[in-house]
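Peer 1: Supplied structure: upload_30.cif, mmCIF, C-alpha atoms.
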data_protein
#
loop_
_atom_site.label_atom_id
_atom_site.label_comp_id
_atom_site.auth_asym_id
_atom_site.auth_seq_id
_atom_site.Cartn_x
_atom_site.Cartn_y
_atom_site.Cartn_z
CA MET M 1 -21.89 4.11 -28.57
CA ALA M 2 -20.04 1.93 -31.01
CA SER M 3 -16.32 2.05 -31.57
CA LEU M 4 -14.19 5.11 -32.00
CA PRO M 5 -13.60 6.19 -35.60
CA PRO M 6 -10.23 5.02 -36.93
CA ILE M 7 -7.49 7.62 -37.00
CA ASP M 8 -5.33 7.58 -40.09
CA LEU M 9 -1.67 8.35 -39.80
CA PRO M 10 -1.05 11.97 -40.77
CA ARG M 11 1.33 12.48 -43.70
CA GLY M 12 4.94 12.23 -42.55
CA ALA M 13 4.13 10.92 -39.07
CA THR M 14 6.24 8.06 -37.78
CA GLY M 15 3.46 6.38 -35.86
CA ASP M 16 5.53 6.47 -32.71
CA GLY M 17 2.96 8.68 -31.02
CA SER M 18 2.36 12.38 -31.22
CA PHE M 19 3.87 13.32 -27.94
CA ASP M 20 7.55 12.82 -27.46
CA ALA M 21 8.52 15.59 -25.07
CA PRO M 22 7.39 15.29 -21.46
CA ALA M 23 4.47 17.51 -20.51
CA ARG M 24 6.57 18.39 -17.51
CA ASP M 25 9.99 17.08 -16.67
CA ALA M 26 9.81 14.36 -14.07
CA VAL M 27 12.29 15.49 -11.49
CA GLY M 28 13.43 12.99 -8.92
CA GLY M 29 15.23 10.55 -11.13
CA VAL M 30 14.58 7.19 -12.74
CA LEU M 31 13.35 5.45 -9.60
CA PHE M 32 10.86 8.21 -8.82
CA ASP M 33 9.57 8.19 -12.38
CA THR M 34 9.24 4.39 -12.38
CA LEU M 35 7.28 4.49 -9.12
CA LEU M 36 4.94 7.16 -10.46
CA ARG M 37 4.22 5.08 -13.56
CA LEU M 38 3.46 2.01 -11.46
CA GLY M 39 1.53 3.86 -8.78
CA ASP M 40 -0.51 6.02 -11.13
CA ASP M 41 -1.62 3.02 -13.22
CA SER M 42 -3.00 1.35 -10.10
CA LEU M 43 -4.42 4.55 -8.62
CA ILE M 44 -6.34 5.68 -11.70
CA LEU M 45 -7.73 2.23 -12.52
CA GLY M 46 -8.70 1.77 -8.87
CA GLN M 47 -10.54 5.08 -8.92
CA ARG M 48 -12.23 4.15 -12.20
CA LEU M 49 -13.44 0.80 -10.87
CA GLY M 50 -14.68 2.55 -7.74
CA GLU M 51 -17.17 4.41 -9.92
CA TRP M 52 -19.05 1.12 -10.29
CA CYS M 53 -19.73 0.94 -6.56
CA GLY M 54 -23.51 0.75 -6.17
CA HIS M 55 -24.05 0.59 -9.95
CA ALA M 56 -22.86 -2.88 -10.94
CA PRO M 57 -25.25 -5.36 -12.61
CA SER M 58 -25.59 -7.36 -9.37
CA VAL M 59 -24.48 -7.03 -5.79
CA GLU M 60 -21.96 -9.86 -6.28
CA VAL M 61 -20.38 -8.11 -9.26
CA ASP M 62 -20.44 -4.85 -7.29
CA LEU M 63 -18.27 -6.54 -4.64
CA SER M 64 -15.94 -8.05 -7.24
CA LEU M 65 -15.30 -4.66 -8.81
CA ALA M 66 -14.88 -2.91 -5.45
CA ASN M 67 -12.45 -5.63 -4.30
CA MET M 68 -10.34 -5.13 -7.40
CA ALA M 69 -10.46 -1.36 -6.91
CA LEU M 70 -9.25 -1.73 -3.33
CA ASP M 71 -6.42 -4.06 -4.37
CA LEU M 72 -5.29 -1.44 -6.87
CA ILE M 73 -5.56 1.47 -4.43
CA GLY M 74 -3.47 -0.56 -1.98
CA GLN M 75 -0.75 -1.05 -4.61
CA ALA M 76 -0.87 2.65 -5.46
CA SER M 77 -0.48 3.54 -1.82
CA HIS M 78 2.72 1.44 -1.54
CA PHE M 79 4.23 2.72 -4.77
CA LEU M 80 3.39 6.39 -4.18
CA ASN M 81 4.45 6.42 -0.54
CA HIS M 82 7.77 5.00 -1.66
CA ALA M 83 7.94 7.57 -4.47
CA GLY M 84 7.44 10.34 -1.93
CA ALA M 85 10.21 8.95 0.26
CA VAL M 86 12.56 8.63 -2.73
CA GLU M 87 11.80 12.17 -3.80
CA GLY M 88 12.66 13.45 -0.33
CA LYS M 89 10.55 16.60 -0.42
CA GLY M 90 8.20 15.63 2.35
CA ARG M 91 5.40 14.41 0.06
CA ASP M 92 3.70 11.14 0.95
CA GLY M 93 1.45 8.95 -1.16
CA ASP M 94 -1.61 11.03 -0.32
CA ALA M 95 0.12 14.24 -1.38
CA LEU M 96 1.14 12.64 -4.68
CA ALA M 97 -2.32 11.21 -5.30
CA PHE M 98 -4.44 14.15 -4.26
CA ARG M 99 -2.37 17.28 -4.82
CA ARG M 100 -0.67 16.56 -8.11
CA ASP M 101 -1.92 18.14 -11.31
CA VAL M 102 -3.00 16.19 -14.34
CA LEU M 103 0.18 16.88 -16.36
CA ASP M 104 2.26 15.28 -13.62
CA PHE M 105 0.45 11.93 -13.79
CA ARG M 106 2.37 9.13 -15.47
CA ASN M 107 -0.30 6.45 -15.93
CA CYS M 108 -1.03 4.86 -19.29
CA TRP M 109 -4.06 5.85 -21.35
CA LEU M 110 -5.78 2.49 -20.94
CA VAL M 111 -6.53 2.90 -17.23
CA GLU M 112 -8.17 6.31 -17.61
CA GLN M 113 -10.61 5.17 -20.30
CA PRO M 114 -14.28 5.42 -19.31
CA ASN M 115 -16.05 2.44 -17.76
CA GLY M 116 -18.73 2.39 -20.45
CA ASP M 117 -20.90 -0.66 -19.89
CA PHE M 118 -19.82 -3.75 -17.96
CA ALA M 119 -18.37 -5.34 -21.09
CA GLN M 120 -16.18 -2.31 -21.80
CA THR M 121 -14.96 -2.34 -18.20
CA MET M 122 -14.09 -6.05 -18.50
CA ALA M 123 -12.27 -5.44 -21.80
CA ARG M 124 -10.10 -2.82 -20.10
CA GLN M 125 -9.53 -5.09 -17.11
CA LEU M 126 -8.48 -8.07 -19.20
CA LEU M 127 -6.05 -6.04 -21.30
CA PHE M 128 -4.57 -4.26 -18.29
CA SER M 129 -4.50 -6.99 -15.64
CA THR M 130 -2.96 -9.57 -17.97
CA TRP M 131 -0.17 -7.07 -18.67
CA GLN M 132 0.17 -6.08 -15.01
CA GLU M 133 0.41 -9.72 -13.94
CA MET M 134 3.30 -10.29 -16.34
CA LEU M 135 4.93 -7.02 -15.28
CA PHE M 136 4.69 -7.76 -11.55
CA GLY M 137 5.98 -11.26 -12.20
CA ARG M 138 9.21 -9.69 -13.45
CA LEU M 139 9.32 -6.84 -10.95
CA GLN M 140 9.67 -9.38 -8.14
CA ALA M 141 13.34 -9.39 -9.19
CA SER M 142 13.61 -5.57 -9.15
CA ALA M 143 16.79 -4.06 -7.74
CA ASP M 144 14.54 -1.84 -5.63
CA GLU M 145 13.49 -3.86 -2.59
CA THR M 146 10.17 -2.10 -2.12
CA ILE M 147 9.12 -2.61 -5.73
CA ALA M 148 10.15 -6.27 -5.50
CA ALA M 149 8.18 -6.77 -2.28
CA VAL M 150 5.03 -4.99 -3.51
CA ALA M 151 5.17 -6.89 -6.80
CA ALA M 152 5.53 -10.23 -4.99
CA LYS M 153 2.41 -9.55 -2.94
CA ALA M 154 0.37 -7.86 -5.65
CA VAL M 155 1.03 -10.38 -8.40
CA LYS M 156 -1.48 -12.74 -6.74
CA GLU M 157 -4.12 -10.02 -6.58
CA VAL M 158 -3.56 -9.13 -10.20
CA ARG M 159 -3.63 -12.76 -11.35
CA TYR M 160 -7.12 -12.97 -9.90
CA HIS M 161 -8.15 -9.76 -11.72
CA ALA M 162 -6.87 -11.20 -14.99
CA GLU M 163 -8.66 -14.52 -14.44
CA LEU M 164 -11.95 -12.93 -13.43
CA SER M 165 -12.01 -10.52 -16.36
CA ALA M 166 -11.09 -13.33 -18.76
CA GLU M 167 -14.04 -15.37 -17.44
CA TRP M 168 -16.38 -12.47 -18.13
CA VAL M 169 -14.96 -11.70 -21.57
CA ILE M 170 -15.46 -15.36 -22.50
CA ARG M 171 -19.03 -15.45 -21.20
CA LEU M 172 -20.08 -12.15 -22.72
CA GLY M 173 -18.38 -12.85 -26.05
CA ASP M 174 -19.82 -16.33 -26.29
CA GLY M 175 -23.18 -15.26 -24.83
CA THR M 176 -26.24 -13.61 -26.31
CA ASP M 177 -26.26 -11.44 -29.43
CA GLU M 178 -26.39 -8.34 -27.26
CA SER M 179 -23.60 -9.38 -24.88
CA ARG M 180 -21.43 -10.36 -27.83
CA ARG M 181 -21.97 -7.01 -29.55
CA ARG M 182 -21.18 -5.11 -26.34
CA MET M 183 -18.08 -7.18 -25.67
CA ALA M 184 -16.79 -6.59 -29.21
CA ASP M 185 -17.49 -2.85 -28.86
CA GLY M 186 -15.70 -2.73 -25.52
CA LEU M 187 -12.60 -4.44 -26.93
CA ASP M 188 -12.73 -2.14 -29.92
CA TRP M 189 -12.63 0.89 -27.65
CA MET M 190 -9.69 -0.35 -25.54
CA TRP M 191 -7.57 -2.06 -28.19
CA ARG M 192 -5.71 1.04 -29.40
CA PHE M 193 -4.26 1.64 -25.94
CA VAL M 194 -2.43 -1.70 -25.74
CA PRO M 195 0.73 -0.64 -27.63
CA GLU M 196 1.44 2.01 -25.01
CA LEU M 197 1.70 -0.74 -22.38
CA PHE M 198 4.70 -2.13 -24.26
CA GLU M 199 6.37 1.16 -25.09
CA MET M 200 10.01 1.35 -24.01
CA ASP M 201 10.79 5.06 -24.00
CA ALA M 202 14.12 6.43 -22.80
CA ALA M 203 13.03 6.55 -19.14
CA ALA M 204 11.70 2.98 -19.22
CA ALA M 205 14.87 1.75 -20.92
CA GLU M 206 17.04 3.45 -18.31
CA SER M 207 14.89 2.02 -15.51
CA ALA M 208 15.23 -1.47 -16.97
CA ALA M 209 18.97 -1.02 -17.49
CA GLN M 210 19.36 -0.19 -13.81
CA GLY M 211 17.39 -3.29 -12.89
CA ILE M 212 14.60 -1.22 -11.31
CA GLY M 213 11.91 -1.59 -13.94
CA ALA M 214 11.25 -4.42 -16.37
CA ASP M 215 11.77 -4.57 -20.12
CA VAL M 216 8.12 -4.91 -21.08
CA SER M 217 8.94 -5.61 -24.71
CA LEU M 218 10.21 -9.04 -23.59
CA PHE M 219 6.74 -10.35 -22.81
CA ARG M 220 4.76 -8.83 -25.66
CA GLU M 221 4.51 -12.17 -27.47
CA ASP M 222 3.37 -14.02 -24.35
CA TYR M 223 0.82 -11.31 -23.74
CA ASP M 224 -0.54 -11.44 -27.28
CA ALA M 225 -0.81 -15.23 -27.05
CA ARG M 226 -2.73 -15.06 -23.78
CA ILE M 227 -5.15 -12.42 -25.04
CA ARG M 228 -5.64 -14.37 -28.27
CA ALA M 229 -6.44 -17.51 -26.28
CA VAL M 230 -9.11 -15.69 -24.27
CA LEU M 231 -10.62 -14.13 -27.38
CA ALA M 232 -10.66 -17.52 -29.09
CA GLN M 233 -12.61 -19.00 -26.18
CA ALA M 234 -14.92 -15.99 -26.34
CA THR M 235 -15.35 -16.66 -30.08
CA LEU M 236 -14.33 -13.05 -30.73
CA GLU M 237 -11.99 -11.63 -33.34
CA ALA M 238 -9.18 -9.37 -32.19
CA PRO M 239 -9.89 -5.82 -33.38
CA ALA M 240 -7.70 -4.45 -36.16
CA ASP M 241 -4.55 -2.71 -34.95
CA GLN M 242 -4.71 1.04 -35.21
CA ARG M 243 -2.28 3.84 -34.83
CA PRO M 244 -0.88 3.53 -31.31
CA ILE M 245 -1.72 6.29 -28.88
CA LEU M 246 1.23 7.08 -26.66
CA GLY M 247 2.23 9.79 -24.24
CA GLY M 248 0.66 8.98 -20.88
CA ARG M 249 4.06 8.04 -19.45
CA ARG M 250 5.27 11.56 -20.22
CA GLY M 251 2.22 13.36 -18.87
CA HIS M 252 0.07 13.64 -22.00
CA HIS M 253 -3.37 12.27 -21.27
CA SER M 254 -6.81 11.89 -22.73
CA GLU M 255 -9.53 14.35 -21.75
CA HIS M 256 -10.82 11.74 -19.30
CA LEU M 257 -8.07 12.00 -16.70
CA GLY M 258 -8.97 15.52 -15.55
CA HIS M 259 -12.53 14.37 -14.99
CA ILE M 260 -11.28 11.51 -12.82
CA LEU M 261 -9.03 13.78 -10.76
CA ALA M 262 -11.61 16.52 -10.15
CA PRO M 263 -13.94 14.52 -7.86
CA MET M 264 -11.02 12.46 -6.49
CA GLN M 265 -8.96 15.47 -5.47
CA TYR M 266 -11.72 17.90 -4.59
CA LEU M 267 -12.04 17.13 -0.90
CA PRO M 268 -8.35 16.89 0.05
CA ARG M 269 -7.65 20.08 -1.88
CA THR M 270 -10.57 21.97 -0.33
CA TYR M 271 -9.96 20.71 3.21
CA PRO M 272 -6.23 19.95 3.20
CA ASP M 273 -6.01 18.84 6.82
CA ALA M 274 -9.28 16.93 6.98
CA THR M 275 -9.08 13.64 8.84
CA TRP M 276 -11.67 11.01 9.64
CA MET Y 277 -29.71 -9.26 -13.81
CA SER Y 278 -28.87 -11.30 -10.73
CA LYS Y 279 -32.50 -12.43 -10.57
CA ASP Y 280 -31.90 -14.24 -13.86
CA TRP Y 281 -29.05 -16.19 -12.32
CA PRO Y 282 -29.51 -19.31 -10.21
CA LEU Y 283 -28.74 -19.20 -6.51
CA TRP Y 284 -25.74 -21.06 -5.05
CA GLU Y 285 -25.17 -21.97 -1.41
CA VAL Y 286 -21.69 -21.10 -0.20
CA PHE Y 287 -19.60 -23.19 2.20
CA VAL Y 288 -16.30 -21.95 3.63
CA ARG Y 289 -13.54 -23.93 5.31
CA ALA Y 290 -11.99 -21.55 7.83
CA LYS Y 291 -8.70 -23.45 8.08
CA GLY Y 292 -7.19 -26.78 7.22
CA GLY Y 293 -8.70 -29.69 9.14
CA MET Y 294 -12.01 -27.94 9.86
CA SER Y 295 -15.19 -28.77 7.99
CA HIS Y 296 -16.81 -26.47 5.45
CA ARG Y 297 -19.59 -24.40 7.01
CA HIS Y 298 -22.52 -22.78 5.33
CA VAL Y 299 -22.08 -19.00 5.26
CA GLY Y 300 -24.71 -17.73 2.82
CA SER Y 301 -25.53 -17.66 -0.85
CA VAL Y 302 -24.69 -15.88 -4.10
CA HIS Y 303 -26.28 -15.46 -7.51
CA ALA Y 304 -24.14 -16.51 -10.47
CA PRO Y 305 -24.63 -17.86 -14.00
CA ASP Y 306 -22.42 -20.94 -13.55
CA PRO Y 307 -20.20 -22.76 -11.01
CA ASP Y 308 -16.94 -20.96 -11.94
CA ILE Y 309 -18.42 -17.51 -11.54
CA ALA Y 310 -20.28 -18.67 -8.43
CA LEU Y 311 -16.92 -19.60 -6.85
CA ARG Y 312 -15.51 -16.18 -7.71
CA HIS Y 313 -18.58 -14.41 -6.38
CA ALA Y 314 -18.33 -16.48 -3.22
CA ARG Y 315 -14.66 -15.56 -2.90
CA ASP Y 316 -15.38 -11.86 -3.39
CA THR Y 317 -18.41 -11.85 -1.09
CA TYR Y 318 -17.48 -14.18 1.77
CA THR Y 319 -13.69 -14.48 2.01
CA ARG Y 320 -12.53 -10.89 1.62
CA ARG Y 321 -11.51 -10.69 5.27
CA MET Y 322 -9.45 -13.91 5.42
CA GLU Y 323 -12.42 -16.02 6.43
CA GLY Y 324 -11.35 -19.12 4.59
CA VAL Y 325 -8.90 -21.40 2.81
CA SER Y 326 -11.38 -23.41 0.74
CA LEU Y 327 -14.78 -22.81 -0.84
CA TRP Y 328 -17.65 -24.99 -2.00
CA VAL Y 329 -20.64 -23.78 -3.95
CA VAL Y 330 -23.72 -25.93 -4.40
CA PRO Y 331 -26.76 -25.12 -6.53
CA SER Y 332 -29.47 -24.19 -4.04
CA ALA Y 333 -31.94 -26.15 -6.14
CA SER Y 334 -29.94 -29.32 -5.41
CA ILE Y 335 -30.55 -29.09 -1.69
CA ALA Y 336 -33.43 -31.12 -0.33
CA ALA Y 337 -34.77 -29.39 2.78
CA SER Y 338 -37.05 -30.54 5.55
CA ASP Y 339 -40.50 -28.98 5.58
CA PRO Y 340 -40.92 -26.38 8.37
CA ALA Y 341 -44.59 -27.37 8.60
CA GLU Y 342 -43.48 -30.88 9.56
CA ASP Y 343 -40.92 -29.85 12.15
CA GLY Y 344 -43.04 -31.24 14.97
CA ALA Y 345 -42.88 -34.76 13.65
CA MET Y 346 -39.29 -34.32 12.54
CA PHE Y 347 -37.68 -32.84 15.62
CA ASP Y 348 -39.90 -32.88 18.69
CA PRO Y 349 -39.48 -36.62 19.40
CA ALA Y 350 -35.75 -36.01 20.12
CA ARG Y 351 -36.58 -33.52 22.82
CA ASP Y 352 -36.96 -35.86 25.83
CA LYS Y 353 -34.34 -38.45 24.91
CA ILE Y 354 -31.54 -37.11 27.07
CA TYR Y 355 -30.04 -40.58 27.28
CA ARG Y 356 -28.93 -40.08 23.67
CA HIS Y 357 -26.40 -37.53 24.85
CA PRO Y 358 -23.10 -39.16 25.79
CA THR Y 359 -23.12 -37.55 29.22
CA PHE Y 360 -23.50 -40.72 31.28
CA TYR Y 361 -19.94 -41.90 30.86
CA ASP Y 362 -16.93 -41.12 32.99
CA ILE Y 363 -14.22 -39.74 30.76
CA PRO Y 364 -10.67 -40.37 31.91
CA ASP Y 365 -8.77 -37.17 32.58
CA ASP Y 366 -6.02 -37.93 30.06
CA VAL Y 367 -8.43 -38.13 27.12
CA LYS Y 368 -8.15 -34.86 25.24
CA HIS Y 369 -10.25 -33.20 22.56
CA ILE Y 370 -13.62 -34.67 23.41
#
Here is the file; what I need is its structure written in the form of structure tokens.
Peer 2:
Amino acid sequence: MASLPPIDLPRGATGDGSFDAPARDAVGGVLFDTLLRLGDDSLILGQRLGEWCGHAPSVEVDLSLANMALDLIGQASHFLNHAGAVEGKGRDGDALAFRRDVLDFRNCWLVEQPNGDFAQTMARQLLFSTWQEMLFGRLQASADETIAAVAAKAVKEVRYHAELSAEWVIRLGDGTDESRRRMADGLDWMWRFVPELFEMDAAAAESAAQGIGADVSLFREDYDARIRAVLAQATLEAPADQRPILGGRRGHHSEHLGHILAPMQYLPRTYPDATW
Amino acid sequence: MSKDWPLWEVFVRAKGGMSHRHVGSVHAPDPDIALRHARDTYTRRMEGVSLWVVPSASIAASDPAEDGAMFDPARDKIYRHPTFYDIPDDVKHI
């Protein structure tokens, strides 16, 4: 499938995103909300990448994708376990990952987008990992010690994800006619979800003001420059900017997230005390 | 897809000071991706601190059919082993 059809701004809309109210109030405070946003990004993208296991174009690529997935699940585990401890209601990372409903997830829209073909997956990875590397770089100075420690460890993992996906975007973009077309289509699909990465809503602003989270707007220009440099090497044009799609941070998600959670949560919900 | 890619032999250095050892091979379209494939395939459990990849096609190998002429003559030359010397006790790492 080619790119999504463009969505025109409805008359009178501000373009700030359709969803301003939270789908459900995040109770537990700024730190809890920040940890859910961080943990859910990593968890959902890790689960998405895991879908490639056994299906990648080669066994080497299969391992690359599974390694990235495991890095991300590891990050999610740290963030969500900490979130559970901060919340103080006896929930651990597993409870938050496997027994939370879709409206309570706080990940961005980009990470829940379908894998599509390998090029589409690499487009998503480049756009996300480049952002996550810059974010974790700043979170090493977080006022929350756990966030700072996880960010310091994970920033190396994420730098590798960003480098690897950039290598593939360059090769596919500057490759054959077919790989170039697929790479352009993949970027086209993912491009509209980039603005959400840099959204500073009230909760994010409060988190940054308390020194817990980072002000993501501060590295937008660096991010754009890095993505542009990769696209230039890939001899690809950046897709046209479209109306931003926002809302994931407040629990409004695309139709894809429920389909990720169903198989992910089925077993722990059906057999709540299962161990292995 | 991987059958379209050349094969690369992978060498891992387990820790500083040791030599690189052959551990296996990967398919990859070019040296940069070969290094990343080698990293993701052979060093995911802290096996190494340095990687080499070499195009398999660049390796000249001895012919198994000729192994008699190549290797059998060494078989009865035990005097080539340095086992006929007395090594002083205070010489370490030998």
Peer 1: Could you state the separation of atom CA of Ala95 of chain M and atom CA of Arg269 of chain M in Å, given to one decimal place?
Peer 2: 9.7 Å
Peer 1: Residues of chain M near chain Y: apply a cut-off of 6 Å, count all atoms listed in the file, and supply the list as a ChimeraX atom specification.
Peer 2: /M:58,60,64
Peer 1: Can you work out which one of Y:Ala290, Y:Ile354, Y:Met346, Y:Ser295 has the shortest atom-to-atom distance to Arg321 of chain Y, counting all atoms listed in the file?
Peer 2: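 For Arg321 of chain Y, the nearest of the candidates is Y:Ala290.
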Peer 1: For a test of reading the model, state the distance in Å between atom CA of Arg37 of chain M and atom CA of Arg220 of chain M, rounded to one decimal.
Peer 2: 18.4 Å
Peer 1: Tell me which of M:Ser217, M:Thr176, M:Gln47, M:Gln265 sits closest to Leu197 of chain M, counting all atoms listed in the file.
Peer 2: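 Closest candidate: M:Ser217.
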Peer 1: If we count all atoms listed in the file, what is near Pro114 of chain M at a cut-off of 8 Å, once residues fewer than 4 positions away on the same chain are taken out, given as an mmCIF file with C-alpha atoms, in the coordinates of the input?
Peer 2:
data_model
loop_
_atom_site.group_PDB
_atom_site.id
_atom_site.type_symbol
_atom_site.label_atom_id
_atom_site.label_comp_id
_atom_site.auth_asym_id
_atom_site.auth_seq_id
_atom_site.Cartn_x
_atom_site.Cartn_y
_atom_site.Cartn_z
ATOM 1 C CA ARG M 48 -12.230 4.150 -12.200
ATOM 2 C CA THR M 121 -14.960 -2.340 -18.200
ATOM 3 C CA HIS M 256 -10.820 11.740 -19.300
#
